[in-house]
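Peer 1: Here you go, model-v6.cif (mmCIF, C-alpha atoms and all ligand atoms):
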data_data
#
loop_
_atom_site.label_atom_id
_atom_site.label_comp_id
_atom_site.auth_asym_id
_atom_site.auth_seq_id
_atom_site.Cartn_x
_atom_site.Cartn_y
_atom_site.Cartn_z
CA MET T 1 72.71 139.24 134.83
CA ASP T 2 72.47 141.37 137.96
CA LEU T 3 75.50 141.22 140.25
CA LYS T 4 75.04 144.57 141.95
CA ASN T 5 76.47 144.53 145.50
CA ARG T 6 78.08 141.17 144.74
CA THR T 7 81.77 140.31 144.71
CA VAL T 8 83.57 137.91 142.43
CA ILE T 9 87.13 136.54 142.23
CA VAL T 10 88.36 135.56 138.75
CA THR T 11 91.70 133.75 138.68
CA GLY T 12 93.81 134.19 135.55
CA ALA T 13 91.91 137.31 134.52
CA SER T 14 94.73 139.31 132.91
CA SER T 15 93.82 138.08 129.41
CA GLY T 16 91.66 135.76 127.33
CA ILE T 17 88.73 133.93 128.87
CA GLY T 18 89.32 135.16 132.43
CA GLU T 19 89.43 138.77 131.27
CA ALA T 20 86.17 138.36 129.33
CA ILE T 21 84.47 136.84 132.39
CA ALA T 22 85.82 139.56 134.67
CA ARG T 23 84.47 142.20 132.27
CA ARG T 24 81.09 140.42 132.10
CA CYS T 25 80.78 140.28 135.89
CA ALA T 26 81.83 143.92 136.22
CA ALA T 27 79.26 144.97 133.59
CA ALA T 28 76.62 143.24 135.71
CA GLY T 29 77.61 145.42 138.66
CA ALA T 30 79.98 143.16 140.61
CA GLY T 31 83.12 144.14 142.44
CA VAL T 32 85.79 142.04 140.75
CA LEU T 33 89.12 140.76 142.02
CA VAL T 34 91.37 140.29 138.99
CA ASN T 35 94.20 137.81 139.53
CA SER T 36 97.17 136.53 137.55
CA ALA T 37 100.53 134.99 138.35
CA THR T 38 103.13 136.91 136.36
CA SER T 39 101.35 139.32 133.98
CA VAL T 40 101.07 142.09 136.55
CA ASP T 41 100.84 145.05 134.15
CA ALA T 42 98.13 143.38 132.07
CA GLY T 43 96.18 142.40 135.20
CA GLU T 44 96.43 145.90 136.63
CA ARG T 45 95.24 147.33 133.30
CA VAL T 46 92.18 145.07 133.30
CA ALA T 47 91.32 145.99 136.89
CA ALA T 48 91.83 149.72 136.24
CA SER T 49 89.46 149.57 133.28
CA LEU T 50 86.59 148.18 135.39
CA PRO T 51 84.30 150.32 137.56
CA ASP T 52 85.01 148.53 140.86
CA ALA T 53 87.94 146.12 140.74
CA ILE T 54 91.28 145.33 142.34
CA TYR T 55 94.21 143.41 140.97
CA VAL T 56 95.94 140.85 143.20
CA ARG T 57 98.99 138.98 141.98
CA GLY T 58 99.23 135.36 143.04
CA ASP T 59 100.25 132.02 141.57
CA ILE T 60 97.43 129.60 142.35
CA SER T 61 99.86 126.68 142.40
CA GLU T 62 101.16 128.09 145.69
CA PRO T 63 98.90 126.68 148.42
CA THR T 64 98.43 129.98 150.30
CA THR T 65 97.40 132.06 147.27
CA GLY T 66 93.69 131.29 147.74
CA GLU T 67 93.73 132.66 151.29
CA HIS T 68 95.51 135.76 150.06
CA LEU T 69 92.95 136.37 147.30
CA VAL T 70 89.96 135.83 149.58
CA ALA T 71 91.43 138.07 152.30
CA ALA T 72 91.96 140.84 149.74
CA ALA T 73 88.37 140.53 148.47
CA LEU T 74 86.94 140.57 152.01
CA GLU T 75 89.08 143.54 152.97
CA ARG T 76 87.85 145.52 149.97
CA TRP T 77 84.17 144.49 149.84
CA GLY T 78 83.44 142.56 153.04
CA ARG T 79 81.83 139.69 151.15
CA LEU T 80 82.35 137.08 148.45
CA ASP T 81 79.59 135.69 146.24
CA GLY T 82 81.32 134.12 143.24
CA LEU T 83 84.56 132.40 142.28
CA VAL T 84 85.68 131.70 138.73
CA ASN T 85 88.54 129.20 138.74
CA ASN T 86 89.89 130.06 135.31
CA ALA T 87 93.69 130.06 135.73
CA GLY T 88 95.29 127.08 134.06
CA ARG T 89 98.39 125.93 132.26
CA THR T 90 99.49 123.31 129.77
CA CYS T 91 102.58 122.00 128.04
CA GLU T 92 102.64 121.28 124.34
CA VAL T 93 103.42 117.58 123.98
CA PRO T 94 101.45 115.89 121.17
CA LEU T 95 99.09 113.24 122.50
CA ASP T 96 100.81 110.47 120.52
CA LYS T 97 104.16 111.45 122.10
CA PHE T 98 102.95 110.62 125.61
CA GLU T 99 105.98 108.41 126.22
CA SER T 100 108.17 111.52 126.35
CA LEU T 101 106.24 113.00 129.30
CA THR T 102 108.24 113.57 132.47
CA PRO T 103 107.15 113.81 136.12
CA GLU T 104 107.83 117.55 135.82
CA HIS T 105 105.22 117.91 133.03
CA TRP T 106 102.61 116.21 135.20
CA ARG T 107 103.61 118.01 138.40
CA ARG T 108 103.52 121.54 136.98
CA ILE T 109 100.16 121.08 135.30
CA PHE T 110 98.49 119.32 138.22
CA GLU T 111 99.88 121.81 140.75
CA THR T 112 98.08 124.63 138.93
CA ASN T 113 95.02 123.11 137.30
CA VAL T 114 93.97 120.63 139.97
CA TYR T 115 95.63 121.35 143.33
CA GLY T 116 95.61 125.12 142.75
CA THR T 117 91.93 125.18 141.81
CA PHE T 118 91.10 122.99 144.82
CA PHE T 119 92.98 125.13 147.34
CA VAL T 120 91.60 128.43 146.02
CA THR T 121 88.13 126.88 146.29
CA LEU T 122 88.80 125.69 149.82
CA ALA T 123 89.98 129.15 150.85
CA ALA T 124 86.80 130.71 149.44
CA LEU T 125 84.23 128.33 150.94
CA ASP T 126 83.57 130.02 154.30
CA ALA T 127 83.05 133.41 152.65
CA LEU T 128 80.85 131.87 149.94
CA ARG T 129 78.73 130.03 152.50
CA ALA T 130 77.94 133.40 154.09
CA SER T 131 76.38 134.62 150.82
CA ASP T 132 72.68 134.05 150.09
CA ASP T 133 73.49 133.23 146.45
CA ALA T 134 76.96 131.77 146.08
CA TRP T 135 78.45 130.03 143.09
CA ILE T 136 81.69 128.69 141.65
CA VAL T 137 82.45 128.17 137.95
CA ASN T 138 85.48 126.09 137.02
CA ILE T 139 86.85 126.55 133.49
CA THR T 140 87.72 123.10 132.24
CA SER T 141 88.05 121.96 128.58
CA ILE T 142 86.72 119.68 125.87
CA ALA T 143 90.14 118.03 126.32
CA GLY T 144 88.85 116.67 129.63
CA ILE T 145 85.94 114.96 127.88
CA ARG T 146 87.24 113.90 124.45
CA GLN T 147 90.63 112.44 123.55
CA THR T 148 92.06 115.77 122.37
CA GLY T 149 94.13 118.65 123.75
CA SER T 150 97.62 120.11 123.92
CA SER T 151 99.01 117.33 126.13
CA LEU T 152 97.90 114.30 128.12
CA PRO T 153 98.54 115.85 131.58
CA TYR T 154 96.44 118.85 130.54
CA ALA T 155 93.57 116.68 129.31
CA VAL T 156 93.64 114.49 132.42
CA SER T 157 93.83 117.54 134.70
CA LYS T 158 90.70 118.99 133.10
CA ALA T 159 88.86 115.67 133.44
CA ALA T 160 89.86 115.73 137.11
CA LEU T 161 88.40 119.22 137.45
CA ASP T 162 85.06 118.15 136.00
CA HIS T 163 84.95 115.35 138.55
CA LEU T 164 86.04 117.68 141.34
CA THR T 165 83.20 120.00 140.31
CA ALA T 166 80.59 117.28 140.76
CA HIS T 167 82.08 116.02 144.04
CA LEU T 168 82.22 119.46 145.61
CA ALA T 169 78.73 120.32 144.36
CA LYS T 170 77.48 117.27 146.27
CA GLN T 171 79.38 118.12 149.45
CA VAL T 172 78.93 121.89 149.67
CA ALA T 173 75.28 122.56 150.34
CA GLY T 174 73.97 125.92 149.20
CA VAL T 175 76.84 126.82 146.84
CA ARG T 176 76.19 126.12 143.16
CA ILE T 177 79.36 124.60 141.68
CA ASN T 178 79.56 124.06 137.92
CA ALA T 179 82.11 123.84 135.14
CA VAL T 180 82.30 125.32 131.65
CA ALA T 181 84.29 123.25 129.15
CA PRO T 182 85.34 125.26 126.09
CA GLY T 183 86.52 123.87 122.78
CA LEU T 184 89.20 125.85 120.97
CA VAL T 185 89.07 129.55 121.93
CA ALA T 186 90.92 132.45 120.27
CA THR T 187 93.01 133.84 123.16
CA PRO T 188 96.70 134.66 123.70
CA TRP T 189 97.09 130.98 124.70
CA THR T 190 96.18 129.84 121.17
CA GLU T 191 97.62 132.85 119.31
CA SER T 192 100.14 130.81 117.31
CA TRP T 193 97.82 127.86 116.64
CA ASP T 194 96.56 129.12 113.25
CA GLN T 195 96.68 125.74 111.55
CA LEU T 196 94.70 124.10 114.33
CA LYS T 197 92.16 126.92 114.36
CA ALA T 198 91.64 126.53 110.61
CA GLY T 199 91.25 122.77 110.97
CA VAL T 200 88.80 123.10 113.86
CA SER T 201 86.77 125.73 111.99
CA ALA T 202 86.58 123.40 108.98
CA VAL T 203 85.23 120.36 110.87
CA THR T 204 83.22 121.96 113.68
CA PRO T 205 79.46 122.08 113.01
CA LEU T 206 79.37 125.80 113.87
CA HIS T 207 82.38 126.48 111.57
CA ARG T 208 84.47 128.72 113.80
CA VAL T 209 86.52 128.65 116.95
CA ALA T 210 85.08 130.21 120.11
CA THR T 211 85.62 133.76 121.28
CA PRO T 212 86.28 134.52 124.96
CA ASP T 213 82.79 136.08 125.00
CA ASP T 214 81.24 132.74 123.97
CA VAL T 215 82.77 131.27 127.12
CA ALA T 216 81.66 134.27 129.20
CA ASP T 217 78.10 133.69 127.86
CA ALA T 218 78.21 130.10 129.16
CA CYS T 219 79.65 131.26 132.45
CA GLU T 220 76.84 133.81 132.76
CA ALA T 221 74.31 131.02 132.15
CA MET T 222 75.86 129.04 135.02
CA ILE T 223 75.88 132.10 137.28
CA THR T 224 72.27 133.08 136.62
CA ASN T 225 70.59 129.66 136.66
CA ARG T 226 69.61 129.05 140.28
CA TYR T 227 68.89 125.32 139.99
CA VAL T 228 71.91 123.78 138.27
CA THR T 229 74.83 122.37 140.21
CA GLY T 230 77.53 119.77 139.66
CA GLN T 231 77.33 120.07 135.87
CA THR T 232 79.78 120.70 133.05
CA LEU T 233 78.50 122.87 130.20
CA VAL T 234 80.37 122.14 126.96
CA VAL T 235 80.93 125.24 124.78
CA ASP T 236 82.69 123.85 121.74
CA GLY T 237 80.56 124.68 118.70
CA GLY T 238 79.95 120.94 118.35
CA LEU T 239 83.64 120.02 118.08
CA GLY T 240 83.22 117.14 120.51
CA LEU T 241 80.59 115.62 118.21
CA VAL T 242 83.08 115.14 115.41
CA LEU T 243 86.18 114.01 117.32
N1 LIG K 301 92.12 128.97 124.78
C1 LIG K 301 91.54 127.77 124.65
O1 LIG K 301 91.40 127.22 123.52
C2 LIG K 301 91.01 127.05 125.86
C3 LIG K 301 90.20 125.93 125.65
C4 LIG K 301 89.68 125.25 126.73
C5 LIG K 301 89.98 125.68 128.01
N2 LIG K 301 90.78 126.75 128.19
C6 LIG K 301 91.07 127.14 129.58
O2 LIG K 301 90.73 128.49 129.79
C7 LIG K 301 91.55 129.04 130.81
C8 LIG K 301 92.09 130.38 130.35
O3 LIG K 301 92.84 130.19 129.18
P1 LIG K 301 93.01 131.33 128.06
O4 LIG K 301 92.94 130.64 126.76
O5 LIG K 301 92.14 132.48 128.34
O6 LIG K 301 94.57 131.67 128.27
P2 LIG K 301 95.37 133.02 128.53
O7 LIG K 301 94.81 134.16 127.75
O8 LIG K 301 96.80 132.63 128.35
O9 LIG K 301 95.08 133.32 130.07
C9 LIG K 301 95.55 132.51 131.09
C10 LIG K 301 95.42 133.29 132.37
O10 LIG K 301 95.72 132.41 133.46
C11 LIG K 301 96.73 133.02 134.26
N3 LIG K 301 97.49 131.98 134.93
C12 LIG K 301 98.17 130.94 134.40
N4 LIG K 301 98.73 130.20 135.37
C13 LIG K 301 98.38 130.80 136.54
C14 LIG K 301 98.65 130.54 137.89
N5 LIG K 301 99.39 129.48 138.25
N6 LIG K 301 98.14 131.36 138.84
C15 LIG K 301 97.38 132.44 138.49
N7 LIG K 301 97.10 132.75 137.23
C16 LIG K 301 97.62 131.94 136.26
C17 LIG K 301 97.54 133.85 133.26
O11 LIG K 301 98.30 134.83 133.93
P3 LIG K 301 99.92 134.78 133.91
O12 LIG K 301 100.32 134.85 132.47
O13 LIG K 301 100.30 135.97 134.71
O14 LIG K 301 100.31 133.49 134.53
C18 LIG K 301 96.38 134.45 132.46
O15 LIG K 301 95.78 135.50 133.18
C19 LIG K 301 92.60 127.97 131.14
O16 LIG K 301 92.22 127.27 132.30
C20 LIG K 301 92.54 127.04 129.94
O17 LIG K 301 92.88 125.73 130.27
C21 LIG K 301 91.30 127.47 127.15
#
Represent the structure from my file as structure tokens, please.
Ligand SMILES: NC(=O)c1ccc[n+]([C@@H]2O[C@H](COP(=O)([O-])OP(=O)(O)OC[C@H]3O[C@@H](n4cnc5c(N)ncnc54)[C@H](OP(=O)(O)O)[C@@H]3O)[C@@H](O)[C@H]2O)c1
Peer 2:
Amino acid sequence: MDLKNRTVIVTGASSGIGEAIARRCAAAGAGVLVNSATSVDAGERVAASLPDAIYVRGDISEPTTGEHLVAAALERWGRLDGLVNNAGRTCEVPLDKFESLTPEHWRRIFETNVYGTFFVTLAALDALRASDDAWIVNITSIAGIRQTGSSLPYAVSKAALDHLTAHLAKQVAGVRINAVAPGLVATPWTESWDQLKAGVSAVTPLHRVATPDDVADACEAMITNRYVTGQTLVVDGGLGLVL
């Protein structure tokens, strides 16, 4: 992947999947804006370890954060070529306990995963349209495709993002907009889920959970392929085949 003289924003890049993607883009030569909501030290450490990066704090569930991120990228590099909408949240409510869900569960997850992703995207569109090779990758989940996941609002929010991906790809000419839907990935998010990871490794055809780099590989495929748009690439080791 060659991203020399290109600029990329990665939301939620202070750890896990976002960090791996930020590192991948930086290794390909891009200027990278590293974002997170609360983990400022970790985000600043990631940015400082990359050749050409800045850290910008911002909670994507706040409607003006996208404008703030894009303005910071344009101020530093004068252009924007790629956006990775990776930041997301969940709540842990077992799927069969859906009757205990409150409006607050739904609101908090949708404000970040769906509205937040949409408004960051909206803020980036003008700058992306000015690029000769612009792209967006949304990080969704196998939970948006199969009846699995840490909670129903999370699963439904990720399904909404896959659909948003296809809709925007149709509407926004010239910007390639795709999604990457991971299965279970070993990140800080899943740090305490040892039992689940063992179970997934046992039943998944590829017999392991994903690494953040597996997801970065899929993201790279979406960034480099010039003729794919509106698609969701599932990166789950075959987990979805056995659910
Ligand atoms: N791990 C998995 O098994 C898995 C599977 C499928 C999909 N995913 C998706 O992959 C993405 C990254 O997850 P991960 O596993 O890499 O988790 P992670 O290591 O916990 O990273 C999450 C990142 O998102 C940031 N973030 C969360 N809410 C934010 C907000 N409102 N505004 C800005 N940044 C925010 C976090 O920063 P702060 O801590 O500062 O908020 C952190 O940088 C998520 O969208 C998740 O749904 C993960």
Peer 1: What are the closest atom pairs, with distances in Å to one decimal, for each residue of chain T lying within 7 Å of ligand LIG 301 (chain K), using all atoms listed in the file, rows by chain and rising residue number, as a Markdown table?
Peer 2:
| residue | atom | partner | partner_atom | distance |
| --- | --- | --- | --- | --- |
| T:Thr11 | CA | K:LIG301 | N7 | 5.7 |
| T:Gly12 | CA | K:LIG301 | O10 | 3.3 |
| T:Ala13 | CA | K:LIG301 | O15 | 4.5 |
| T:Ser14 | CA | K:LIG301 | O15 | 4.0 |
| T:Ser15 | CA | K:LIG301 | O7 | 4.4 |
| T:Gly16 | CA | K:LIG301 | O5 | 3.5 |
| T:Ile17 | CA | K:LIG301 | O5 | 3.7 |
| T:Gly18 | CA | K:LIG301 | O5 | 5.6 |
| T:Asn35 | CA | K:LIG301 | N7 | 6.3 |
| T:Ser36 | CA | K:LIG301 | N7 | 3.8 |
| T:Ala37 | CA | K:LIG301 | O13 | 3.8 |
| T:Thr38 | CA | K:LIG301 | O13 | 3.4 |
| T:Ser39 | CA | K:LIG301 | O13 | 3.6 |
| T:Val40 | CA | K:LIG301 | O13 | 6.4 |
| T:Gly58 | CA | K:LIG301 | C15 | 5.7 |
| T:Asp59 | CA | K:LIG301 | N6 | 3.5 |
| T:Ile60 | CA | K:LIG301 | N6 | 4.0 |
| T:Ser61 | CA | K:LIG301 | N5 | 5.0 |
| T:Asn86 | CA | K:LIG301 | O16 | 4.7 |
| T:Ala87 | CA | K:LIG301 | O10 | 3.8 |
| T:Gly88 | CA | K:LIG301 | O16 | 3.5 |
| T:Arg89 | CA | K:LIG301 | N4 | 5.3 |
| T:Thr112 | CA | K:LIG301 | N5 | 5.1 |
| T:Ile139 | CA | K:LIG301 | O16 | 5.5 |
| T:Thr140 | CA | K:LIG301 | C5 | 5.4 |
| T:Ser141 | CA | K:LIG301 | C4 | 4.1 |
| T:Ile142 | CA | K:LIG301 | C4 | 6.4 |
| T:Ala181 | CA | K:LIG301 | C4 | 6.2 |
| T:Pro182 | CA | K:LIG301 | C4 | 4.4 |
| T:Gly183 | CA | K:LIG301 | C3 | 5.1 |
| T:Leu184 | CA | K:LIG301 | O1 | 3.6 |
| T:Val185 | CA | K:LIG301 | O1 | 3.7 |
| T:Ala186 | CA | K:LIG301 | N1 | 5.8 |
| T:Thr187 | CA | K:LIG301 | O4 | 4.8 |
| T:Pro188 | CA | K:LIG301 | O7 | 4.5 |
| T:Trp189 | CA | K:LIG301 | O8 | 4.0 |
| T:Thr190 | CA | K:LIG301 | N1 | 5.5 |
Peer 1: Could you list, as a VMD selection string, every residue within 12 Å of Glu67 of chain T, counting only C-alpha atoms and ignoring same-chain residues fewer than 2 positions away?
Peer 2: chain T and resid 9 56 58 to 60 62 to 65 69 to 75 116 118 to 127
Peer 1: So, with only C-alpha atoms as the atoms that count, which of T:Asp52, T:Glu92, T:Asp213, T:Glu220 lies closest to Ile136 of chain T?
Peer 2: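 Distance minimum relative to Ile136 of chain T lands on T:Glu220.
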Peer 1: Within 8 Å of Thr7 of chain T, counting all atoms listed in the file, which residues show up once you throw out same-chain ones fewer than 5 positions away? Write them as number ranges by chain, please.
Peer 2: T: 30-33, 73, 77, 79-82
Peer 1: Those same residues - C-alpha atoms - I'd like them written as a CSV table (one decimal), keeping the file's coordinate frame.
Peer 2:
chain,number,residue,atom,x,y,z
T,30,ALA,CA,80.0,143.2,140.6
T,31,GLY,CA,83.1,144.1,142.4
T,32,VAL,CA,85.8,142.0,140.8
T,33,LEU,CA,89.1,140.8,142.0
T,73,ALA,CA,88.4,140.5,148.5
T,77,TRP,CA,84.2,144.5,149.8
T,79,ARG,CA,81.8,139.7,151.2
T,80,LEU,CA,82.4,137.1,148.4
T,81,ASP,CA,79.6,135.7,146.2
T,82,GLY,CA,81.3,134.1,143.2
Peer 1: State, in Å with one decimal place, the distance from atom CA of Lys197 of chain T to atom CA of Val10 of chain T.
Peer 2: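 Computed distance, atom CA of Lys197 of chain T to atom CA of Val10 of chain T, equals 26.2 Å.
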Peer 1: Hey, which of T:Phe98, T:Tyr115, T:Phe110, T:Trp135 ends up closest to Asn178 of chain T? Count only C-alpha atoms.
Peer 2: T:Trp135
Peer 1: In Å, how far is it from atom CA of Lys4 of chain T to atom CA of Ile54 of chain T?
Peer 2: 16.3 Å
Peer 1: Ranking T:Val114, T:Leu83, T:Ala130, T:Ala143 by minimum distance to His163 of chain T and counting all atoms listed in the file, which one comes first?
Peer 2: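 The closest residue to His163 of chain T is T:Val114.
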Peer 1: Figure out the distance between atom CA of Gly78 of chain T and atom CA of Arg24 of chain T, please, to one decimal in Å.
Peer 2: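 These atoms are spaced 21.2 Å apart.
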Peer 1: Report as a list in words all protein, DNA and RNA residues lying within 12 Å of Gln195 of chain T, evaluated on all atoms listed in the file, omitting residues in the same chain fewer than 6 positions from it.
Peer 2: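 Residues near the query, excluding close chain neighbours: Ser201, Ala202 and Val209 of chain T.
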Peer 1: Give me the residues within 12 Å of Arg146 of chain T as a list in words, counting all atoms listed in the file and dropping any in the same chain fewer than 5 places off.
Peer 2: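 Those residues are Ser141, Leu152, Ala155, Val156, Lys158, Ala159, Ala181, Pro182, Gly183, Val234, Asp236, Gly238, Leu239, Gly240, Leu241, Val242 and Leu243 of chain T.
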Peer 1: Determine the nearest neighbour of Asp133 of chain T from the options T:Thr165, T:Thr211, T:Thr224, T:Asn85, counting all atoms listed in the file.
Peer 2: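 So, comparing all the options, the nearest one is T:Thr224.
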Peer 1: Kindly indicate which residue among T:Ile109, T:Arg226, T:Leu196, T:Arg6 lies nearest to Arg76 of chain T, using all atoms listed in the file for the distances.
Peer 2: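 Closest to Arg76 of chain T of all the choices is T:Arg6.
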Peer 1: Closest to Glu44 of chain T among T:Glu19, T:Thr232, T:Arg208, T:Cys25, using all atoms listed in the file?
Peer 2: T:Glu19
